[in-house]
>>> print(open('run.cif').read())   # mmCIF, C-alpha atoms
data_my_file
loop_
_atom_site.label_atom_id
_atom_site.label_comp_id
_atom_site.auth_asym_id
_atom_site.auth_seq_id
_atom_site.Cartn_x
_atom_site.Cartn_y
_atom_site.Cartn_z
CA MET Y 70 -51.33 1.95 2.97
CA VAL Y 71 -47.86 0.52 2.42
CA SER Y 72 -45.21 0.81 5.10
CA ILE Y 73 -41.44 0.70 5.37
CA ARG Y 74 -39.67 -1.85 7.57
CA ARG Y 75 -36.16 -1.74 8.96
CA PRO Y 76 -35.19 -5.25 10.07
CA VAL Y 77 -32.28 -5.47 12.48
CA ARG Y 78 -30.84 -8.71 11.11
CA LEU Y 79 -30.75 -10.54 7.78
CA SER Y 80 -32.75 -13.40 9.31
CA GLU Y 81 -35.53 -10.97 10.19
CA ALA Y 82 -35.48 -9.52 6.66
CA LEU Y 83 -35.69 -13.04 5.20
CA TYR Y 84 -38.63 -13.84 7.47
CA ILE Y 85 -40.48 -10.75 6.20
CA ARG Y 86 -39.69 -11.82 2.62
CA GLN Y 87 -41.06 -15.29 3.31
CA CYS Y 88 -44.34 -13.93 4.68
CA GLU Y 89 -45.10 -10.92 2.48
CA ASP Y 90 -44.77 -9.58 -1.05
CA THR Y 91 -42.29 -6.72 -0.56
CA VAL Y 92 -39.83 -4.49 -2.38
CA LEU Y 93 -36.22 -4.40 -1.13
CA MET Y 94 -34.44 -1.07 -0.77
CA ALA Y 95 -30.68 -0.73 -0.20
CA GLY Y 96 -29.46 2.76 -1.19
CA GLY Y 97 -32.80 3.84 -2.66
CA THR Y 98 -31.22 5.90 -5.45
CA ASP Y 99 -33.28 4.17 -8.16
CA LEU Y 100 -36.42 3.28 -6.18
CA MET Y 101 -36.95 6.72 -4.64
CA VAL Y 102 -36.92 8.19 -8.15
CA LYS Y 103 -39.14 5.45 -9.63
CA TYR Y 104 -41.77 5.94 -6.91
CA ARG Y 105 -41.34 9.68 -6.59
CA ALA Y 106 -44.45 11.66 -5.62
CA PRO Y 107 -44.98 15.44 -5.71
CA ALA Y 108 -42.78 17.36 -3.24
CA GLY Y 109 -43.97 16.84 0.32
CA ALA Y 110 -46.01 13.71 -0.46
CA ARG Y 111 -44.93 10.20 0.56
CA PRO Y 112 -43.31 8.16 -2.22
CA SER Y 113 -45.89 6.10 -4.11
CA PHE Y 114 -44.68 2.57 -3.38
CA THR Y 115 -47.25 -0.13 -4.08
CA LYS Y 116 -45.76 -2.78 -1.81
CA ASP Y 117 -44.25 -2.66 1.67
CA VAL Y 118 -40.60 -1.58 1.54
CA VAL Y 119 -37.92 -3.54 3.39
CA LEU Y 120 -34.72 -1.58 4.09
CA ILE Y 121 -31.60 -3.73 3.83
CA GLY Y 122 -28.80 -1.20 3.19
CA HIS Y 123 -27.84 -1.05 6.88
CA LEU Y 124 -27.61 -4.83 7.44
CA LYS Y 125 -24.11 -5.84 8.62
CA GLU Y 126 -24.50 -9.24 6.94
CA LEU Y 127 -24.55 -7.48 3.54
CA ASN Y 128 -21.78 -4.97 4.21
CA TYR Y 129 -18.47 -6.79 3.89
CA LEU Y 130 -15.80 -6.47 1.23
CA LYS Y 131 -12.93 -8.91 1.00
CA VAL Y 132 -10.54 -9.30 -1.88
CA TYR Y 133 -8.79 -12.69 -2.02
CA GLU Y 134 -6.15 -13.72 -4.54
CA ASP Y 135 -8.68 -15.32 -6.87
CA VAL Y 136 -11.97 -13.60 -6.04
CA ALA Y 137 -13.43 -10.38 -4.62
CA ARG Y 138 -16.42 -11.03 -2.36
CA ILE Y 139 -18.61 -7.97 -2.01
CA GLY Y 140 -21.68 -7.82 0.22
CA ALA Y 141 -24.71 -6.76 -1.83
CA ALA Y 142 -25.34 -3.61 0.24
CA VAL Y 143 -21.78 -2.22 0.14
CA PRO Y 144 -22.07 1.35 -1.20
CA LEU Y 145 -20.22 2.02 -4.46
CA ALA Y 146 -18.10 4.70 -2.75
CA ARG Y 147 -16.70 2.11 -0.33
CA ILE Y 148 -15.70 -0.19 -3.18
CA LEU Y 149 -13.99 2.75 -4.91
CA GLU Y 150 -12.07 3.65 -1.73
CA ASP Y 151 -10.81 0.11 -1.12
CA ALA Y 152 -7.17 -0.15 -2.20
CA SER Y 153 -7.39 -3.92 -2.72
CA VAL Y 154 -10.05 -3.69 -5.45
CA PRO Y 155 -8.45 -3.59 -8.92
CA ALA Y 156 -8.81 -0.45 -11.03
CA TYR Y 157 -10.61 -2.25 -13.87
CA VAL Y 158 -13.41 -3.20 -11.44
CA LYS Y 159 -13.62 0.35 -10.10
CA GLU Y 160 -13.74 2.23 -13.40
CA PRO Y 161 -17.37 1.40 -14.35
CA LEU Y 162 -18.51 1.99 -10.76
CA ALA Y 163 -16.90 5.44 -10.75
CA SER Y 164 -18.98 6.34 -13.82
CA ILE Y 165 -22.25 5.81 -11.90
CA GLY Y 166 -24.11 8.83 -10.49
CA SER Y 167 -22.21 11.43 -8.46
CA PRO Y 168 -20.27 11.36 -5.17
CA SER Y 169 -23.50 11.68 -3.15
CA VAL Y 170 -25.31 9.02 -5.18
CA ARG Y 171 -22.31 6.65 -4.88
CA ASN Y 172 -22.36 7.11 -1.10
CA LEU Y 173 -25.88 5.62 -1.06
CA ALA Y 174 -26.08 3.39 -4.15
CA THR Y 175 -25.05 -0.25 -3.76
CA LEU Y 176 -23.67 -2.91 -6.09
CA GLY Y 177 -26.58 -5.23 -5.28
CA GLY Y 178 -29.03 -2.44 -6.10
CA ASN Y 179 -27.49 -1.83 -9.51
CA ILE Y 180 -27.82 -5.57 -10.26
CA CYS Y 181 -31.39 -5.96 -8.99
CA ASN Y 182 -32.54 -2.79 -10.76
CA SER Y 183 -31.65 -4.85 -13.85
CA SER Y 184 -31.45 -2.00 -16.33
CA PRO Y 185 -29.75 -2.81 -19.65
CA ALA Y 186 -27.83 0.43 -19.01
CA GLY Y 187 -26.72 -0.55 -15.47
CA ASP Y 188 -23.09 0.53 -15.44
CA SER Y 189 -21.74 -2.17 -13.13
CA LEU Y 190 -23.30 -4.89 -15.26
CA THR Y 191 -20.96 -4.89 -18.26
CA MET Y 192 -18.05 -5.45 -15.87
CA LEU Y 193 -19.89 -8.15 -13.91
CA TYR Y 194 -20.91 -10.01 -17.12
CA ALA Y 195 -17.42 -9.85 -18.61
CA LEU Y 196 -15.73 -11.01 -15.40
CA ASP Y 197 -18.18 -13.93 -14.85
CA ALA Y 198 -19.45 -12.66 -11.51
CA VAL Y 199 -21.46 -15.07 -9.39
CA LEU Y 200 -24.39 -13.90 -7.25
CA THR Y 201 -25.48 -15.50 -3.98
CA MET Y 202 -29.11 -15.29 -2.93
CA ALA Y 203 -30.42 -16.13 0.52
CA SER Y 204 -33.91 -17.15 1.57
CA SER Y 205 -35.20 -18.69 4.77
CA LYS Y 206 -34.66 -22.06 3.05
CA GLY Y 207 -30.93 -21.51 2.48
CA PHE Y 208 -28.58 -20.16 -0.15
CA ARG Y 209 -28.28 -20.50 -3.92
CA GLU Y 210 -25.84 -19.19 -6.50
CA CYS Y 211 -26.59 -17.78 -9.93
CA ASP Y 212 -24.24 -16.65 -12.69
CA MET Y 213 -24.54 -12.95 -13.45
CA ALA Y 214 -25.37 -13.72 -17.09
CA ASP Y 215 -28.32 -15.94 -16.08
CA PHE Y 216 -29.79 -13.57 -13.49
CA ILE Y 217 -31.24 -10.76 -15.60
CA GLU Y 218 -34.05 -11.71 -18.02
CA GLY Y 219 -34.87 -8.29 -19.48
CA PRO Y 220 -35.33 -4.64 -18.51
CA SER Y 221 -36.23 -4.57 -14.76
CA LYS Y 222 -36.76 -8.35 -14.82
CA ASN Y 223 -34.58 -10.78 -12.92
CA ARG Y 224 -34.63 -14.15 -11.23
CA LEU Y 225 -34.69 -12.92 -7.63
CA ALA Y 226 -37.58 -14.85 -6.02
CA LYS Y 227 -40.12 -13.11 -3.80
CA ASP Y 228 -38.67 -14.72 -0.68
CA GLU Y 229 -35.01 -14.05 -1.57
CA ILE Y 230 -32.42 -11.36 -0.92
CA LEU Y 231 -29.26 -10.93 -2.99
CA ILE Y 232 -26.48 -11.08 -0.42
CA GLU Y 233 -23.14 -11.36 -2.24
CA VAL Y 234 -21.45 -10.56 -5.51
CA ALA Y 235 -18.33 -12.65 -6.16
CA ILE Y 236 -16.03 -11.28 -8.86
CA PRO Y 237 -13.27 -13.66 -10.04
CA MET Y 238 -9.89 -11.90 -10.16
CA GLY Y 239 -7.79 -12.27 -13.30
CA ALA Y 240 -4.37 -11.05 -14.41
CA TYR Y 241 -5.44 -8.68 -17.17
CA ASP Y 242 -2.86 -6.49 -18.85
CA ARG Y 243 -5.31 -4.87 -21.30
CA THR Y 244 -8.44 -3.18 -19.95
CA PHE Y 245 -10.83 -0.63 -21.40
CA TYR Y 246 -14.09 0.90 -20.18
CA ARG Y 247 -16.02 3.69 -21.81
CA LYS Y 248 -19.46 5.11 -21.17
CA SER Y 249 -21.19 7.44 -23.58
CA ALA Y 250 -23.71 9.72 -21.88
CA GLN Y 251 -25.13 13.24 -21.89
CA ARG Y 252 -23.25 14.46 -18.84
CA ARG Y 253 -20.12 13.34 -16.95
CA ALA Y 254 -22.04 12.80 -13.69
CA ASN Y 255 -25.56 11.58 -12.94
CA ALA Y 256 -26.19 10.39 -16.48
CA ILE Y 257 -27.62 7.12 -17.72
CA SER Y 258 -25.53 5.43 -20.41
CA LYS Y 259 -26.50 5.77 -24.05
CA VAL Y 260 -24.09 2.93 -24.65
CA SER Y 261 -21.18 1.46 -22.70
CA PHE Y 262 -18.34 -0.99 -23.25
CA PHE Y 263 -16.18 -3.02 -20.88
CA GLY Y 264 -13.32 -5.21 -22.05
CA VAL Y 265 -10.38 -7.05 -20.47
CA ALA Y 266 -7.72 -9.26 -21.98
CA SER Y 267 -4.41 -10.82 -21.13
CA VAL Y 268 -1.69 -11.21 -23.71
CA THR Y 269 1.18 -13.62 -23.04
CA GLY Y 270 3.87 -14.90 -25.33
CA GLY Y 271 2.58 -12.70 -28.14
CA LYS Y 272 -0.87 -14.31 -28.09
CA VAL Y 273 -4.28 -13.50 -26.65
CA GLU Y 274 -4.58 -15.81 -23.67
CA SER Y 275 -7.93 -14.58 -22.39
CA ILE Y 276 -10.39 -11.96 -23.52
CA ALA Y 277 -13.85 -10.88 -22.33
CA MET Y 278 -16.11 -8.05 -23.47
CA ALA Y 279 -19.59 -6.79 -22.66
CA LEU Y 280 -21.79 -4.07 -24.14
CA GLY Y 281 -24.40 -2.05 -22.23
CA ALA Y 282 -27.64 -0.40 -23.43
CA VAL Y 283 -27.66 -2.04 -26.86
CA GLY Y 284 -30.18 -4.80 -26.13
CA PRO Y 285 -32.75 -5.87 -23.53
CA THR Y 286 -29.88 -7.07 -21.32
CA VAL Y 287 -26.13 -6.54 -21.34
CA ILE Y 288 -24.65 -8.35 -24.35
CA ARG Y 289 -21.65 -10.64 -24.11
CA ASP Y 290 -20.62 -12.52 -27.24
CA ARG Y 291 -18.72 -15.62 -26.12
CA ASP Y 292 -18.43 -16.93 -29.69
CA ALA Y 293 -16.62 -13.76 -30.74
CA GLU Y 294 -14.35 -14.09 -27.71
CA SER Y 295 -13.50 -17.69 -28.69
CA MET Y 296 -12.52 -16.51 -32.18
CA LEU Y 297 -9.94 -14.21 -30.60
CA LYS Y 298 -8.30 -16.59 -28.14
CA GLY Y 299 -4.84 -17.70 -29.21
CA ILE Y 300 -4.57 -15.10 -31.97
CA ALA Y 301 -1.11 -13.51 -32.35
CA VAL Y 302 -0.59 -9.92 -31.17
CA PRO Y 303 0.10 -7.59 -32.91
CA GLY Y 304 -2.47 -8.90 -35.36
CA ARG Y 305 -3.56 -7.76 -38.79
CA ARG Y 306 -7.17 -6.97 -37.97
CA GLU Y 307 -8.49 -10.12 -39.66
CA ALA Y 308 -9.55 -11.79 -36.42
CA SER Y 309 -10.91 -8.56 -34.98
CA ASP Y 310 -12.95 -7.92 -38.16
CA ARG Y 311 -14.50 -11.38 -37.92
CA ALA Y 312 -15.27 -10.92 -34.23
CA LEU Y 313 -16.78 -7.49 -34.86
CA GLU Y 314 -19.02 -8.87 -37.58
CA HIS Y 315 -20.30 -11.52 -35.18
CA ILE Y 316 -20.90 -8.99 -32.40
CA ALA Y 317 -22.73 -6.71 -34.86
CA GLY Y 318 -25.26 -9.53 -35.35
CA LEU Y 319 -26.12 -9.57 -31.65
CA VAL Y 320 -26.37 -5.83 -31.03
CA GLU Y 321 -30.02 -4.69 -31.15
CA PRO Y 322 -30.31 -1.19 -29.74
CA ILE Y 323 -33.52 0.86 -29.59
CA ASP Y 324 -34.47 4.50 -30.10
CA ASP Y 325 -35.46 6.18 -26.83
CA LEU Y 326 -35.25 9.54 -25.07
CA ARG Y 327 -31.51 9.15 -24.47
CA SER Y 328 -30.26 8.13 -27.90
CA THR Y 329 -31.01 6.51 -31.24
CA LYS Y 330 -30.41 2.96 -32.40
CA THR Y 331 -28.15 4.21 -35.19
CA TYR Y 332 -25.90 6.09 -32.77
CA ARG Y 333 -25.87 3.27 -30.25
CA ARG Y 334 -24.99 0.60 -32.83
CA ARG Y 335 -22.21 2.69 -34.32
CA VAL Y 336 -20.65 3.73 -31.02
CA ALA Y 337 -20.96 0.21 -29.56
CA LEU Y 338 -19.08 -1.29 -32.49
CA GLU Y 339 -16.48 1.51 -32.62
CA LEU Y 340 -15.75 1.11 -28.89
CA THR Y 341 -15.36 -2.64 -29.44
CA ARG Y 342 -13.06 -2.01 -32.41
CA HIS Y 343 -11.01 0.45 -30.35
CA PHE Y 344 -10.56 -2.15 -27.61
CA LEU Y 345 -9.63 -4.96 -30.00
CA GLU Y 346 -7.32 -2.98 -32.26
CA GLU Y 347 -5.86 -0.19 -30.14
CA VAL Y 348 -5.91 -1.68 -26.65
CA VAL Y 349 -5.31 -5.36 -27.33
CA GLY Y 350 -3.48 -4.87 -30.63
CA LEU Y 351 -5.40 -7.42 -32.70
CA MET V 242 -48.49 4.92 10.10
CA ASP V 243 -46.20 7.15 12.16
CA SER V 244 -43.33 5.59 14.00
CA LYS V 245 -40.32 6.80 15.95
CA VAL V 246 -37.04 7.38 14.14
CA ARG V 247 -34.01 8.31 16.21
CA PHE V 248 -30.97 10.03 14.76
CA LYS V 249 -28.52 12.83 15.42
CA LEU V 250 -29.32 16.10 13.70
CA ASN V 251 -26.82 18.96 13.71
CA GLY V 252 -25.16 17.59 16.82
CA GLU V 253 -28.31 16.87 18.85
CA HIS V 254 -30.15 13.62 19.40
CA VAL V 255 -33.66 13.81 17.96
CA THR V 256 -36.59 11.42 17.95
CA MET V 257 -39.00 12.13 15.12
CA THR V 258 -42.50 10.69 15.27
CA ALA V 259 -43.42 10.69 11.61
CA ASP V 260 -44.26 8.53 8.62
CA PRO V 261 -40.93 6.71 8.10
CA LEU V 262 -41.51 6.42 4.34
CA ARG V 263 -41.49 10.20 3.86
CA ARG V 264 -38.36 11.72 2.36
CA LEU V 265 -35.76 13.22 4.69
CA ILE V 266 -35.92 16.52 2.76
CA ASP V 267 -39.65 16.88 3.53
CA VAL V 268 -39.14 16.11 7.21
CA LEU V 269 -36.28 18.63 7.40
CA ARG V 270 -38.12 21.41 5.60
CA ASP V 271 -41.78 20.89 6.54
CA ASP V 272 -41.58 19.41 10.04
CA LEU V 273 -38.36 20.97 11.36
CA GLY V 274 -38.32 24.25 9.44
CA LEU V 275 -34.77 23.65 8.21
CA THR V 276 -35.29 25.29 4.84
CA GLY V 277 -31.61 25.74 4.01
CA THR V 278 -31.84 22.32 2.33
CA LYS V 279 -33.37 22.98 -1.10
CA GLU V 280 -35.32 20.79 -3.46
CA GLY V 281 -34.32 21.20 -7.09
CA CYS V 282 -35.02 18.10 -9.16
CA GLY V 283 -36.26 15.64 -6.53
CA GLU V 284 -34.45 12.80 -8.26
CA GLY V 285 -30.85 12.95 -7.13
CA GLU V 286 -29.50 14.82 -10.15
CA CYS V 287 -29.03 18.40 -8.91
CA GLY V 288 -27.58 18.07 -5.40
CA ALA V 289 -29.49 21.09 -4.00
CA CYS V 290 -30.88 18.80 -1.27
CA SER V 291 -27.44 17.58 -0.17
CA VAL V 292 -26.85 16.89 3.52
CA LEU V 293 -24.01 15.11 5.30
CA MET V 294 -24.84 11.63 6.56
CA ASP V 295 -22.13 10.24 8.84
CA GLY V 296 -19.82 12.85 7.29
CA ARG V 297 -20.55 11.87 3.68
CA LEU V 298 -22.55 13.78 1.10
CA ALA V 299 -26.06 12.36 0.57
CA ASN V 300 -29.18 13.44 -1.34
CA SER V 301 -31.96 14.03 1.18
CA CYS V 302 -34.56 13.64 -1.60
CA LEU V 303 -33.48 10.00 -2.05
CA LEU V 304 -33.58 9.02 1.63
CA PRO V 305 -36.71 7.74 3.32
CA LEU V 306 -36.75 8.91 6.94
CA ALA V 307 -36.44 5.28 8.13
CA ALA V 308 -33.02 5.05 6.45
CA VAL V 309 -31.48 7.69 8.75
CA GLU V 310 -32.19 5.68 11.94
CA GLY V 311 -29.03 5.85 14.06
CA LYS V 312 -27.23 8.09 11.57
CA GLU V 313 -25.68 11.50 12.08
CA ILE V 314 -27.18 14.13 9.79
CA VAL V 315 -25.70 17.60 9.32
CA THR V 316 -27.62 20.20 7.31
CA ILE V 317 -26.33 23.60 6.21
CA GLU V 318 -27.86 25.07 9.41
CA GLY V 319 -25.66 22.82 11.53
CA PHE V 320 -22.58 23.33 9.38
CA ARG V 321 -22.98 27.13 9.70
CA LYS V 322 -21.70 26.94 13.26
CA THR V 323 -18.24 25.74 12.22
CA LYS V 324 -14.95 27.48 11.39
CA ARG V 325 -14.83 25.52 8.16
CA PHE V 326 -18.12 27.12 7.13
CA GLU V 327 -16.79 30.60 7.94
CA LEU V 328 -13.81 30.05 5.67
CA LEU V 329 -15.91 28.56 2.85
CA LYS V 330 -18.32 31.50 3.18
CA GLU V 331 -15.45 33.98 2.86
CA CYS V 332 -14.00 32.20 -0.14
CA PHE V 333 -17.37 31.78 -1.90
CA THR V 334 -18.04 35.51 -1.36
CA GLU V 335 -14.62 36.65 -2.54
CA GLU V 336 -14.70 34.50 -5.67
CA GLY V 337 -18.25 35.53 -6.60
CA ALA V 338 -19.33 31.90 -6.31
CA VAL V 339 -22.87 32.77 -5.19
CA GLN V 340 -25.40 34.27 -7.55
CA CYS V 341 -29.01 33.17 -7.05
CA GLY V 342 -27.88 31.03 -4.11
CA PHE V 343 -30.18 28.06 -4.64
CA CYS V 344 -27.34 25.56 -5.17
CA THR V 345 -25.11 27.14 -2.52
CA PRO V 346 -26.06 25.06 0.56
CA GLY V 347 -25.47 21.89 -1.46
CA MET V 348 -22.25 23.24 -2.97
CA VAL V 349 -20.88 24.22 0.44
CA LEU V 350 -21.67 20.78 1.88
CA ALA V 351 -20.14 19.12 -1.20
CA ALA V 352 -17.01 21.23 -0.59
CA GLU V 353 -16.97 20.16 3.07
CA ALA V 354 -17.33 16.46 2.15
CA LEU V 355 -14.58 16.79 -0.45
CA LEU V 356 -12.11 18.67 1.78
CA SER V 357 -12.75 16.29 4.68
CA ALA V 358 -11.71 13.36 2.47
CA ASP V 359 -8.99 15.23 0.56
CA PRO V 360 -7.76 18.50 2.17
CA HIS V 361 -5.60 19.38 -0.85
CA PRO V 362 -7.53 18.51 -3.99
CA ASN V 363 -6.45 19.56 -7.45
CA GLU V 364 -8.90 21.25 -9.80
CA ARG V 365 -9.98 17.96 -11.34
CA ALA V 366 -10.76 16.52 -7.91
CA VAL V 367 -12.77 19.63 -7.00
CA ARG V 368 -14.78 19.34 -10.22
CA ASP V 369 -15.41 15.65 -9.47
CA GLY V 370 -16.37 16.53 -5.89
CA ILE V 371 -19.10 18.91 -7.00
CA SER V 372 -20.09 16.90 -10.10
CA GLY V 373 -23.43 15.97 -8.56
CA ASN V 374 -24.35 19.59 -7.82
CA LEU V 375 -25.87 21.70 -10.58
CA CYS V 376 -25.46 25.49 -10.71
CA ARG V 377 -27.30 27.39 -13.43
CA CYS V 378 -25.72 30.80 -12.68
CA THR V 379 -21.99 30.73 -12.19
CA GLY V 380 -20.61 28.38 -14.81
CA TYR V 381 -18.84 26.57 -11.93
CA SER V 382 -15.38 28.10 -12.31
CA SER V 383 -15.87 30.61 -9.49
CA ILE V 384 -17.12 27.80 -7.24
CA VAL V 385 -14.07 25.69 -8.10
CA ALA V 386 -11.82 28.69 -7.39
CA ALA V 387 -13.55 29.26 -4.02
CA ILE V 388 -13.03 25.64 -2.95
CA LEU V 389 -9.39 25.70 -4.05
CA ALA V 390 -8.89 28.95 -2.13
CA ALA V 391 -10.47 27.44 1.00
CA SER V 392 -8.20 24.43 0.68
CA LYS V 393 -5.15 26.70 0.48
CA ARG V 394 -6.15 29.02 3.31
CA GLY V 395 -7.64 26.33 5.54
CA GLU V 396 -4.38 24.70 6.60
CA GLY V 397 -5.16 22.46 9.57
CA LEU V 398 -8.93 23.03 9.37
CA TRP V 399 -9.55 19.88 7.33
#
>>> encode(input="run.cif", output="structure tokens")
Amino acid sequence: MVSIRRPVRLSEALYIRQCEDTVLMAGGTDLMVKYRAPAGARPSFTKDVVLIGHLKELNYLKVYEDVARIGAAVPLARILEDASVPAYVKEPLASIGSPSVRNLATLGGNICNSSPAGDSLTMLYALDAVLTMASSKGFRECDMADFIEGPSKNRLAKDEILIEVAIPMGAYDRTFYRKSAQRRANAISKVSFFGVASVTGGKVESIAMALGAVGPTVIRDRDAESMLKGIAVPGRREASDRALEHIAGLVEPIDDLRSTKTYRRRVALELTRHFLEEVVGL
Amino acid sequence: MDSKVRFKLNGEHVTMTADPLRRLIDVLRDDLGLTGTKEGCGEGECGACSVLMDGRLANSCLLPLAAVEGKEIVTIEGFRKTKRFELLKECFTEEGAVQCGFCTPGMVLAAEALLSADPHPNERAVRDGISGNLCRCTGYSSIVAAILAASKRGEGLW
């Protein structure tokens, strides 16, 4: 029968990871649903569970001038309450779950759950977040975009623990986030969009966009972004049309219980168009 | 597989000898007889199982017992002994915010968590505060009115 462990320190958790095949639990808001059993019965985990949400080593939040460093087990509610975290980072996090879920759910958990509809992920892809993993051998870094391989699949090794999410801070004057879902709270995205840009001297200086739930992973089209850099604002929609056409070639949504591929494709592209034309002014 | 889990429950230190992988809601209801905490969906969507953990709203159906080690848990039974509860009870009654009552313990604790963080919320903030709690009877507006009334009348309580 599987058990649940509550290591006191990160080093102890890493030792357990080195010795056994385990599943990590921070807030538990995804895992306790995934392994739910009938009321009264113990959850049906198939591997020993290692609790890491309480570890001090994973519970810091520090925003520097150029980067926000967030411990992987910081609950979403704490990130939302921190005055030094910029609003464009907070907006997608505020769309996750409900107040009670956000008190438990962590940023690291949303990443390691690796759902294409994970609502922090569009923001983390677009802002070039960098993840730090620890194992008993040491530390390694991985770009957000290289970490997730497909639905529920990521590059966290069996002996590793995600410990930090580093989000580079930029001076964006145009930001837009929108999530389409069945309900305002506690709903999984049908499709979501995150975009940031900075416009200086009448030109697009930087721009980054990511789309959620329209492919096996979050989609970021760097070629389309390159097409838009340096373009004059206000523009005449030529550059945005070209970029949209390129993005349309990468979007491959599916039909499932939450939505249809037709709806997802259309809304994904309309949200992108709204950002490019109405928010950035291209 | 039992082990000891120590935490504070409704103001008293408790040591539970139980399977630490079991859900907090099952331990509360089945082992401790605290049946004010309800199970609706069992997957964190309805909020009927809400408790306060270190003063913050949490879904007891999503918490393995091991995760409450060293924490302070307040259920509706513990909250009943407070002046804040008395006022919320009055306001919920006066506004007709209770019909079948199944969501009520969770709604009251959501109101407590909200007013503790923001004693003077506007309607939007109240709706956000109870957004994780489903009610199939009232249509929510009477609950929102009750919480706004409690905020107005509870000067100094929160």
>>> resolve_selection(input="run.cif", expression="the PyMOL selection byres ((chain V) within 8 of (chain Y))", output="list in words")
Met242, Pro261, Leu262, Arg263, Arg264, Asp267, Asp271, Gly283, Glu284, Gly285, Glu286, Gly288, Ser291, Arg297, Leu298, Ala299, Asn300, Cys302, Leu303, Leu304, Ala307, Ala308, Asp369, Gly370, Ile371, Ser372 and Gly373 of chain V
>>> residues_around(input="run.cif", residues="segment 339-341 of chain V", least_positions_apart="4", cutoff="9 Å", atoms="only C-alpha atoms", output="number ranges by chain")
V: 333-334, 345, 377-379, 383-384
>>> closest_residue(input="run.cif", among="V:Pro305, V:Gly337, V:Gly274, V:Gly347", to="Val292 of chain V", atoms="only C-alpha atoms")
V:Gly347
>>> resolve_selection(input="run.cif", expression="the PyMOL selection byres ((chain Y and resi 291) around 12)", output="mmCIF file with C-alpha atoms, in the frame of the given file")
data_model
loop_
_atom_site.group_PDB
_atom_site.id
_atom_site.type_symbol
_atom_site.label_atom_id
_atom_site.label_comp_id
_atom_site.auth_asym_id
_atom_site.auth_seq_id
_atom_site.Cartn_x
_atom_site.Cartn_y
_atom_site.Cartn_z
ATOM 1 C CA TYR Y 194 -20.910 -10.010 -17.120
ATOM 2 C CA ALA Y 195 -17.420 -9.850 -18.610
ATOM 3 C CA ASP Y 197 -18.180 -13.930 -14.850
ATOM 4 C CA ALA Y 214 -25.370 -13.720 -17.090
ATOM 5 C CA SER Y 275 -7.930 -14.580 -22.390
ATOM 6 C CA ILE Y 276 -10.390 -11.960 -23.520
ATOM 7 C CA ALA Y 277 -13.850 -10.880 -22.330
ATOM 8 C CA MET Y 278 -16.110 -8.050 -23.470
ATOM 9 C CA ALA Y 279 -19.590 -6.790 -22.660
ATOM 10 C CA ILE Y 288 -24.650 -8.350 -24.350
ATOM 11 C CA ARG Y 289 -21.650 -10.640 -24.110
ATOM 12 C CA ASP Y 290 -20.620 -12.520 -27.240
ATOM 13 C CA ASP Y 292 -18.430 -16.930 -29.690
ATOM 14 C CA ALA Y 293 -16.620 -13.760 -30.740
ATOM 15 C CA GLU Y 294 -14.350 -14.090 -27.710
ATOM 16 C CA SER Y 295 -13.500 -17.690 -28.690
ATOM 17 C CA MET Y 296 -12.520 -16.510 -32.180
ATOM 18 C CA LEU Y 297 -9.940 -14.210 -30.600
ATOM 19 C CA LYS Y 298 -8.300 -16.590 -28.140
ATOM 20 C CA ALA Y 312 -15.270 -10.920 -34.230
ATOM 21 C CA HIS Y 315 -20.300 -11.520 -35.180
ATOM 22 C CA ILE Y 316 -20.900 -8.990 -32.400
ATOM 23 C CA LEU Y 319 -26.120 -9.570 -31.650
#
>>> atom_distance(input="run.cif", atom1="atom CA of Arg305 of chain Y", atom2="atom CA of Thr244 of chain Y")
20.0 Å
>>> residues_near_point(input="run.cif", point="(-21.7, 16.0, 11.9)", cutoff="7 Å", atoms="all atoms listed in the file", output="ChimeraX atom specification")
/V:251-252,295-296,313-315
>>> write_last_selection(input="run.cif", atoms="C-alpha atoms", output="compact mmCIF listing (two decimals), keeping the file's coordinate frame")
# COMPACT_ATOMS: atom_id res chain seq x y z
CA ASN V 251 -26.82 18.96 13.71
CA GLY V 252 -25.16 17.59 16.82
CA ASP V 295 -22.13 10.24 8.84
CA GLY V 296 -19.82 12.85 7.29
CA GLU V 313 -25.68 11.50 12.08
CA ILE V 314 -27.18 14.13 9.79
CA VAL V 315 -25.70 17.60 9.32
>>> atom_distance(input="run.cif", atom1="atom CA of Ser184 of chain Y", atom2="atom CA of Asp135 of chain Y")
28.0 Å
>>> decode(input="run.cif", residues="segment 335-339 of chain V", atoms="N, CA and C atoms", output="short mmCIF file (atom, residue, chain, number, x, y, z; two decimals), in the first residue's frame")
data_model
loop_
_atom_site.label_atom_id
_atom_site.label_comp_id
_atom_site.auth_asym_id
_atom_site.auth_seq_id
_atom_site.Cartn_x
_atom_site.Cartn_y
_atom_site.Cartn_z
N GLU V 335 -31.84 37.03 8.01
CA GLU V 335 -32.66 38.18 7.60
C GLU V 335 -32.75 38.33 6.09
N GLU V 336 -31.67 38.00 5.39
CA GLU V 336 -31.69 38.16 3.93
C GLU V 336 -32.25 36.94 3.20
N GLY V 337 -32.64 35.92 3.94
CA GLY V 337 -33.14 34.70 3.29
C GLY V 337 -32.05 33.99 2.50
N ALA V 338 -30.83 34.02 3.04
CA ALA V 338 -29.68 33.47 2.31
C ALA V 338 -29.48 31.98 2.55
N VAL V 339 -30.40 31.36 3.30
CA VAL V 339 -30.30 29.92 3.55
C VAL V 339 -31.58 29.27 3.05
#
